[in-house]
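Below: the structure, in structure tokens.
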Amino acid sequence: MLLLSFALFPALVFASQGESPAEPLEQPSLHVLASAPSETELRATIEKLVGFGTRHTLSDTKSDTRGIGAARRWVKARFEAISHDCGGCIEVVTPSQMFTGKRIPQSTEVMDVVAIKRGSEGSKRVIVMTGHLDSRVTDVMNATSDAPGANDDASGVAALIEAARLLSKEDNRATLVFAALSGEEQGLYGGKVLADYATAQGWQVQADLNNDIMGNSRGQNGVLDNTTVRVFSEGTKSNETDAQAKYRRYHGGEVDSPSRNVARYMEQTAERYLPDLRVHMVYRTDRYARGGDQVSFLEAGYPAVRISEGHEDYTRQHQDLRTEKDIRYGDTIDGVDFRYLARVTALNTVTMAAMSRAPAPPTGVDIEGALATDTTVHWKKVPGAAGYSVHWRDTTAPQWQFSRAVGDTDQAVIKDVVIDDWFFGVSSVSADGYESPVAFPGDAGSFVRSPPVASKP
């Protein structure tokens with residue numbers, strides 16, 4: 001750990017003086033949520049989803065006992081039951097689109113099942129948690145063989161249903177969305193359906209936490225690890241313009257997209273509230289040469305990360321059910337570690353609660369200080385913030401190293417910290433001590449949606 005005397009950073013000159021500034025506080029209620037996910041509930045959900053035989057996107061939609069249609073209707077009924085228990089606090093919608101493509105040869109409806117818990121602040125700010133409902137075997141076009149999909153991705157769907165159950169009884173200022181997506185294995189279509197729906201609704205998506213393959217603690221190489229979860233995040237925005245890229249290349253931001261700062265936020269959340277779970281930040285959009293539904297959110301200009309187990313077992317992914325040379329292939333429920341799944345579910349639940357209770361990240365963050373020994377940071381205030389914190393770190397450090405609460409102001413001068421040598425950011429803080437993710441200066445780090453780049457003819 002890098003230890004530097006605060007004498008090196010003797011003072012901040014605030015734009016306003018007065019009462020002690022609002023500071024981030026440890027929250028007892030988040031400690032309670034961290035231990036709340038139920039292994040029993042998670043197991044019951046996965047058992048039910050596996051029981052539908054296959055949930056392939058092209059499978060039966062009419063049967064009440066088998067196929068993607070029956071699975072969607074069951075998830076919808078489960079969300080509705082949770083809503084009933086909280087007095088109707090959740091709205092359930094089923095956005096869909098028709099698609100054809102390489103893996104969908106005939107026009108097919110791809111439908112998502114989405115639970116929405118409105119926030120008390122009355123804004124369009126939204127925190128999303130996703131997992132995909134569909135499953136597959138070795139042949140991605142085989143829509144009839146049994147495809148249990150216990151870990152890929154009934155684990156993610158079970159986690160988001162459990163998070164919805166727990167957070168339905170909690171306060172949230174921003175809106176919470178829990179979405180079971182379809183069409184992932186056929187081309188990430190369910191993610192596109194929800195991203196398009198978010199855009200049509202005018203949602204200001206602060207983060208999509210996409211959970212995919214996150215319930216197994218034994219790697220194919222035999223490594224047992226129930227204390228590590230990977231969080232993948234893009235370094236630069238998928239749809240930045242040429243002008244934005246040119247500015248970023250000179251001023252920095254390659255490792256400070258809003259998605260990357262969501263990953264940092266999750267790592268810090270785990271350190272404080274889940275000491276038995278280590279977030280391994282991976283500086284990639286997804287696993288090498290692979291993808292997930294968070295990609296559709298990124299392409300639409302929204303921050304998003306992928307959450308996956310620390311060590312994968314590929315004999316249990318995209319495989320026909322069979323035994324060869326004493327190896328059992330197939331994604332069956334015995335490959336799920338339910339205690340581990342409960343801890344990863346807790347990470348999602350606590351992250352969503354913390355983000356939704358905090359104000360939005362600041363907008364318009366900018367810095368100046370060329371040819372000076374001090375750095376000045378500016379930003380625009382956001383609703384619900386009682387104060388702000390300025391953060392900085394060495395340019396090669398993975399996590400923010402230093403921070404100062406600066407009060408309810410829109411700028412601060414950091415004395416004797418030279419702009420050339422550090423990266424800077426700003427978070428917003430509520431009166432009760434909930435802190436937003438850090439926003440890096442400029443377009444590269446802004447949480448405001450980036451309009452997609454127009455398609456070329």
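Going by the structure tokens order, chains are called A, B, ..., each with residues numbered from 1, while ligands are numbered from 1 in the order shown.
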
As a PDB file with N, CA, C and O atoms, in the first residue's frame, please: every residue in range 344-440 of chain A that DSSP puts in strand (DSSP E or B).
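Saved the output as selection_21.pdb:
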```pdb
ATOM      1  N   THR A 363     -21.801  16.188 -12.608  1.00  0.00           N
ATOM      2  CA  THR A 363     -21.662  16.372 -14.053  1.00  0.00           C
ATOM      3  C   THR A 363     -20.708  17.531 -14.316  1.00  0.00           C
ATOM      4  O   THR A 363     -20.377  18.305 -13.423  1.00  0.00           O
ATOM      5  N   GLY A 364     -20.278  17.642 -15.557  1.00  0.00           N
ATOM      6  CA  GLY A 364     -19.450  18.767 -15.948  1.00  0.00           C
ATOM      7  C   GLY A 364     -18.126  18.870 -15.207  1.00  0.00           C
ATOM      8  O   GLY A 364     -17.604  19.981 -15.006  1.00  0.00           O
ATOM      9  N   VAL A 365     -17.542  17.749 -14.803  1.00  0.00           N
ATOM     10  CA  VAL A 365     -16.284  17.784 -14.053  1.00  0.00           C
ATOM     11  C   VAL A 365     -15.148  18.234 -14.974  1.00  0.00           C
ATOM     12  O   VAL A 365     -15.011  17.747 -16.106  1.00  0.00           O
ATOM     13  N   ASP A 366     -14.356  19.172 -14.488  1.00  0.00           N
ATOM     14  CA  ASP A 366     -13.240  19.681 -15.274  1.00  0.00           C
ATOM     15  C   ASP A 366     -12.105  20.062 -14.317  1.00  0.00           C
ATOM     16  O   ASP A 366     -12.337  20.297 -13.126  1.00  0.00           O
ATOM     17  N   ILE A 367     -10.904  20.105 -14.843  1.00  0.00           N
ATOM     18  CA  ILE A 367      -9.745  20.476 -14.022  1.00  0.00           C
ATOM     19  C   ILE A 367      -8.895  21.492 -14.765  1.00  0.00           C
ATOM     20  O   ILE A 367      -8.918  21.560 -16.003  1.00  0.00           O
ATOM     21  N   GLU A 368      -8.137  22.284 -14.000  1.00  0.00           N
ATOM     22  CA  GLU A 368      -7.182  23.203 -14.593  1.00  0.00           C
ATOM     23  C   GLU A 368      -6.006  23.359 -13.641  1.00  0.00           C
ATOM     24  O   GLU A 368      -6.134  23.143 -12.441  1.00  0.00           O
ATOM     25  N   THR A 375      -3.979  22.478  -8.149  1.00  0.00           N
ATOM     26  CA  THR A 375      -4.950  21.998  -9.127  1.00  0.00           C
ATOM     27  C   THR A 375      -6.336  22.473  -8.734  1.00  0.00           C
ATOM     28  O   THR A 375      -6.743  22.328  -7.574  1.00  0.00           O
ATOM     29  N   THR A 376      -7.057  23.028  -9.683  1.00  0.00           N
ATOM     30  CA  THR A 376      -8.426  23.483  -9.454  1.00  0.00           C
ATOM     31  C   THR A 376      -9.395  22.511 -10.126  1.00  0.00           C
ATOM     32  O   THR A 376      -9.218  22.159 -11.300  1.00  0.00           O
ATOM     33  N   VAL A 377     -10.381  22.075  -9.391  1.00  0.00           N
ATOM     34  CA  VAL A 377     -11.383  21.133  -9.888  1.00  0.00           C
ATOM     35  C   VAL A 377     -12.744  21.836  -9.887  1.00  0.00           C
ATOM     36  O   VAL A 377     -13.118  22.461  -8.892  1.00  0.00           O
ATOM     37  N   HIS A 378     -13.467  21.718 -11.003  1.00  0.00           N
ATOM     38  CA  HIS A 378     -14.808  22.305 -11.136  1.00  0.00           C
ATOM     39  C   HIS A 378     -15.809  21.203 -11.429  1.00  0.00           C
ATOM     40  O   HIS A 378     -15.470  20.171 -12.006  1.00  0.00           O
ATOM     41  N   TRP A 379     -17.057  21.431 -11.096  1.00  0.00           N
ATOM     42  CA  TRP A 379     -18.127  20.506 -11.449  1.00  0.00           C
ATOM     43  C   TRP A 379     -19.466  21.224 -11.333  1.00  0.00           C
ATOM     44  O   TRP A 379     -19.552  22.337 -10.798  1.00  0.00           O
ATOM     45  N   LYS A 380     -20.510  20.574 -11.840  1.00  0.00           N
ATOM     46  CA  LYS A 380     -21.861  21.088 -11.691  1.00  0.00           C
ATOM     47  C   LYS A 380     -22.553  20.323 -10.565  1.00  0.00           C
ATOM     48  O   LYS A 380     -22.433  19.093 -10.472  1.00  0.00           O
ATOM     49  N   GLY A 387     -22.966  17.633  -0.319  1.00  0.00           N
ATOM     50  CA  GLY A 387     -21.552  17.957  -0.407  1.00  0.00           C
ATOM     51  C   GLY A 387     -20.880  17.113  -1.465  1.00  0.00           C
ATOM     52  O   GLY A 387     -21.515  16.253  -2.101  1.00  0.00           O
ATOM     53  N   TYR A 388     -19.603  17.343  -1.642  1.00  0.00           N
ATOM     54  CA  TYR A 388     -18.841  16.665  -2.678  1.00  0.00           C
ATOM     55  C   TYR A 388     -17.465  16.286  -2.128  1.00  0.00           C
ATOM     56  O   TYR A 388     -16.964  16.924  -1.188  1.00  0.00           O
ATOM     57  N   SER A 389     -16.871  15.253  -2.699  1.00  0.00           N
ATOM     58  CA  SER A 389     -15.509  14.868  -2.344  1.00  0.00           C
ATOM     59  C   SER A 389     -14.650  14.889  -3.598  1.00  0.00           C
ATOM     60  O   SER A 389     -15.066  14.391  -4.661  1.00  0.00           O
ATOM     61  N   VAL A 390     -13.471  15.473  -3.481  1.00  0.00           N
ATOM     62  CA  VAL A 390     -12.493  15.446  -4.560  1.00  0.00           C
ATOM     63  C   VAL A 390     -11.548  14.272  -4.314  1.00  0.00           C
ATOM     64  O   VAL A 390     -11.075  14.069  -3.191  1.00  0.00           O
ATOM     65  N   HIS A 391     -11.304  13.495  -5.353  1.00  0.00           N
ATOM     66  CA  HIS A 391     -10.444  12.317  -5.263  1.00  0.00           C
ATOM     67  C   HIS A 391      -9.255  12.492  -6.189  1.00  0.00           C
ATOM     68  O   HIS A 391      -9.352  13.123  -7.242  1.00  0.00           O
ATOM     69  N   TRP A 392      -8.131  11.896  -5.826  1.00  0.00           N
ATOM     70  CA  TRP A 392      -6.993  11.864  -6.732  1.00  0.00           C
ATOM     71  C   TRP A 392      -6.163  10.613  -6.470  1.00  0.00           C
ATOM     72  O   TRP A 392      -6.244   9.988  -5.423  1.00  0.00           O
ATOM     73  N   ARG A 393      -5.400  10.238  -7.482  1.00  0.00           N
ATOM     74  CA  ARG A 393      -4.558   9.044  -7.392  1.00  0.00           C
ATOM     75  C   ARG A 393      -3.390   9.181  -8.351  1.00  0.00           C
ATOM     76  O   ARG A 393      -3.446   9.943  -9.321  1.00  0.00           O
ATOM     77  N   ASP A 394      -2.345   8.422  -8.088  1.00  0.00           N
ATOM     78  CA  ASP A 394      -1.233   8.318  -9.015  1.00  0.00           C
ATOM     79  C   ASP A 394      -1.751   7.789 -10.351  1.00  0.00           C
ATOM     80  O   ASP A 394      -2.673   6.966 -10.391  1.00  0.00           O
ATOM     81  N   PHE A 402      -6.573   9.081  -2.543  1.00  0.00           N
ATOM     82  CA  PHE A 402      -6.781  10.194  -1.621  1.00  0.00           C
ATOM     83  C   PHE A 402      -8.113  10.865  -1.919  1.00  0.00           C
ATOM     84  O   PHE A 402      -8.560  10.891  -3.069  1.00  0.00           O
ATOM     85  N   SER A 403      -8.718  11.421  -0.895  1.00  0.00           N
ATOM     86  CA  SER A 403      -9.961  12.164  -1.100  1.00  0.00           C
ATOM     87  C   SER A 403     -10.119  13.198  -0.006  1.00  0.00           C
ATOM     88  O   SER A 403      -9.568  13.056   1.093  1.00  0.00           O
ATOM     89  N   ARG A 404     -10.873  14.243  -0.321  1.00  0.00           N
ATOM     90  CA  ARG A 404     -11.194  15.282   0.644  1.00  0.00           C
ATOM     91  C   ARG A 404     -12.648  15.711   0.463  1.00  0.00           C
ATOM     92  O   ARG A 404     -13.093  15.964  -0.667  1.00  0.00           O
ATOM     93  N   ALA A 405     -13.392  15.781   1.555  1.00  0.00           N
ATOM     94  CA  ALA A 405     -14.727  16.364   1.519  1.00  0.00           C
ATOM     95  C   ALA A 405     -14.572  17.876   1.417  1.00  0.00           C
ATOM     96  O   ALA A 405     -13.821  18.487   2.186  1.00  0.00           O
ATOM     97  N   VAL A 406     -15.265  18.486   0.458  1.00  0.00           N
ATOM     98  CA  VAL A 406     -15.053  19.916   0.192  1.00  0.00           C
ATOM     99  C   VAL A 406     -16.303  20.759   0.397  1.00  0.00           C
ATOM    100  O   VAL A 406     -16.294  21.946   0.102  1.00  0.00           O
ATOM    101  N   GLY A 407     -17.390  20.147   0.874  1.00  0.00           N
ATOM    102  CA  GLY A 407     -18.584  20.927   1.169  1.00  0.00           C
ATOM    103  C   GLY A 407     -19.516  21.070  -0.013  1.00  0.00           C
ATOM    104  O   GLY A 407     -19.306  20.516  -1.091  1.00  0.00           O
ATOM    105  N   GLN A 411     -16.551  23.916  -6.751  1.00  0.00           N
ATOM    106  CA  GLN A 411     -15.144  23.907  -7.135  1.00  0.00           C
ATOM    107  C   GLN A 411     -14.276  23.830  -5.881  1.00  0.00           C
ATOM    108  O   GLN A 411     -14.726  24.157  -4.774  1.00  0.00           O
ATOM    109  N   ALA A 412     -13.052  23.392  -6.080  1.00  0.00           N
ATOM    110  CA  ALA A 412     -12.086  23.352  -4.981  1.00  0.00           C
ATOM    111  C   ALA A 412     -10.688  23.479  -5.566  1.00  0.00           C
ATOM    112  O   ALA A 412     -10.420  23.006  -6.680  1.00  0.00           O
ATOM    113  N   VAL A 413      -9.813  24.107  -4.826  1.00  0.00           N
ATOM    114  CA  VAL A 413      -8.407  24.221  -5.202  1.00  0.00           C
ATOM    115  C   VAL A 413      -7.605  23.304  -4.284  1.00  0.00           C
ATOM    116  O   VAL A 413      -7.654  23.434  -3.061  1.00  0.00           O
ATOM    117  N   ILE A 414      -6.885  22.366  -4.884  1.00  0.00           N
ATOM    118  CA  ILE A 414      -6.075  21.435  -4.114  1.00  0.00           C
ATOM    119  C   ILE A 414      -4.656  21.985  -4.085  1.00  0.00           C
ATOM    120  O   ILE A 414      -3.941  21.975  -5.099  1.00  0.00           O
ATOM    121  N   TRP A 422      -1.121  13.513 -11.383  1.00  0.00           N
ATOM    122  CA  TRP A 422      -2.221  12.801 -10.747  1.00  0.00           C
ATOM    123  C   TRP A 422      -3.444  12.763 -11.648  1.00  0.00           C
ATOM    124  O   TRP A 422      -3.627  13.622 -12.510  1.00  0.00           O
ATOM    125  N   PHE A 423      -4.297  11.759 -11.418  1.00  0.00           N
ATOM    126  CA  PHE A 423      -5.645  11.751 -11.981  1.00  0.00           C
ATOM    127  C   PHE A 423      -6.613  12.227 -10.907  1.00  0.00           C
ATOM    128  O   PHE A 423      -6.418  11.943  -9.717  1.00  0.00           O
ATOM    129  N   PHE A 424      -7.668  12.917 -11.335  1.00  0.00           N
ATOM    130  CA  PHE A 424      -8.612  13.525 -10.404  1.00  0.00           C
ATOM    131  C   PHE A 424     -10.039  13.097 -10.733  1.00  0.00           C
ATOM    132  O   PHE A 424     -10.345  12.700 -11.857  1.00  0.00           O
ATOM    133  N   GLY A 425     -10.898  13.201  -9.738  1.00  0.00           N
ATOM    134  CA  GLY A 425     -12.318  12.930  -9.932  1.00  0.00           C
ATOM    135  C   GLY A 425     -13.124  13.520  -8.797  1.00  0.00           C
ATOM    136  O   GLY A 425     -12.564  13.976  -7.791  1.00  0.00           O
ATOM    137  N   VAL A 426     -14.445  13.508  -8.948  1.00  0.00           N
ATOM    138  CA  VAL A 426     -15.331  14.081  -7.937  1.00  0.00           C
ATOM    139  C   VAL A 426     -16.511  13.138  -7.721  1.00  0.00           C
ATOM    140  O   VAL A 426     -17.064  12.581  -8.675  1.00  0.00           O
ATOM    141  N   SER A 427     -16.886  12.961  -6.459  1.00  0.00           N
ATOM    142  CA  SER A 427     -18.106  12.225  -6.106  1.00  0.00           C
ATOM    143  C   SER A 427     -19.048  13.161  -5.366  1.00  0.00           C
ATOM    144  O   SER A 427     -18.633  14.172  -4.803  1.00  0.00           O
ATOM    145  N   SER A 428     -20.330  12.825  -5.382  1.00  0.00           N
ATOM    146  CA  SER A 428     -21.321  13.576  -4.623  1.00  0.00           C
ATOM    147  C   SER A 428     -21.718  12.778  -3.391  1.00  0.00           C
ATOM    148  O   SER A 428     -21.672  11.539  -3.391  1.00  0.00           O
ATOM    149  N   VAL A 429     -22.116  13.468  -2.336  1.00  0.00           N
ATOM    150  CA  VAL A 429     -22.408  12.841  -1.049  1.00  0.00           C
ATOM    151  C   VAL A 429     -23.746  13.367  -0.524  1.00  0.00           C
ATOM    152  O   VAL A 429     -23.995  14.578  -0.553  1.00  0.00           O
ATOM    153  N   GLU A 435     -22.384   7.929  -0.793  1.00  0.00           N
ATOM    154  CA  GLU A 435     -21.513   8.538  -1.791  1.00  0.00           C
ATOM    155  C   GLU A 435     -21.718   7.901  -3.158  1.00  0.00           C
ATOM    156  O   GLU A 435     -21.873   6.688  -3.284  1.00  0.00           O
ATOM    157  N   ALA A 439     -16.700  10.575 -10.683  1.00  0.00           N
ATOM    158  CA  ALA A 439     -16.747  10.984 -12.085  1.00  0.00           C
ATOM    159  C   ALA A 439     -15.420  11.611 -12.470  1.00  0.00           C
ATOM    160  O   ALA A 439     -14.947  12.548 -11.824  1.00  0.00           O
TER     161      ALA A 439
END
```

request  = Might you pull out every residue within 9 Å of range 28-32 of chain A, with only C-alpha atoms counted and same-chain residues fewer than 5 positions away left off, and present them as an NGL selection string?
outcome  = :A and (272-274 or 349-351 or 353-354)

key: Close residues, range 175-180 of chain A itself excluded, 9 Å, only C-alpha atoms, min 2 positions apart in chain, as number ranges by chain   = A: 72, 75, 112-133, 156-157, 160-161, 163-164, 167, 172-173, 182, 190, 194, 352-353, 356

message = Can you tell me which residues surround Thr57 in chain A at a distance of at most 9 Å, considering only C-alpha atoms, apart from same-chain residues fewer than 5 positions away, and format the answer as a list in words?
response =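 Using only C-alpha atoms, the neighbours found are Gly67, Ile68, Gly69, Ile104, Thr108, Glu109, Val110, Leu133, Asp134, Ser135, Arg136, Ala143, Ser182, Gly183, Glu184, Glu185 and Gln186 of chain A.
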
Please report as CSV every residue of range 338-417 of chain A lying within 10 Å of range 252-265 of chain A, along with the nearest atom pair and their distance in Å (one decimal), using only C-alpha atoms.
```
residue,atom,partner,partner_atom,distance
A:Thr351,CA,A:Tyr265,CA,8.0
A:Ala354,CA,A:Tyr265,CA,9.8
A:Met355,CA,A:Tyr265,CA,9.1
A:Pro361,CA,A:Pro258,CA,9.6
A:Thr395,CA,A:Gly252,CA,8.9
A:Thr396,CA,A:Val255,CA,9.6
A:Pro398,CA,A:Arg264,CA,8.3
A:Gln399,CA,A:Arg264,CA,6.5
A:Trp400,CA,A:Arg264,CA,8.2
```

Let me see the file: selected residues, C-alpha atoms, as a CSV table (one decimal), in the first residue's frame.
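What follows is the written file result.csv:
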```
chain,number,residue,atom,x,y,z
A,351,THR,CA,-24.1,-1.9,-4.5
A,354,ALA,CA,-25.7,2.3,-1.9
A,355,MET,CA,-25.9,3.8,-5.4
A,361,PRO,CA,-22.4,11.5,-9.8
A,395,THR,CA,-1.7,7.8,-12.8
A,396,THR,CA,-0.7,4.2,-12.5
A,398,PRO,CA,-5.8,1.1,-9.9
A,399,GLN,CA,-7.9,2.6,-7.2
A,400,TRP,CA,-8.5,6.2,-5.9
```

request  = To one decimal in Å, tell me the separation between CA of Ala245 in chain A and CA of Ser450 in chain A.
outcome  = 13.0 Å

inquiry  = Taking the DSSP secondary structure from the backbone, can you list the residues of range 42-229 of chain A that are alpha helix (DSSP H), as a PyMOL selection string?
reply    = chain A and resi 42-50+68-85+154-167+189-201
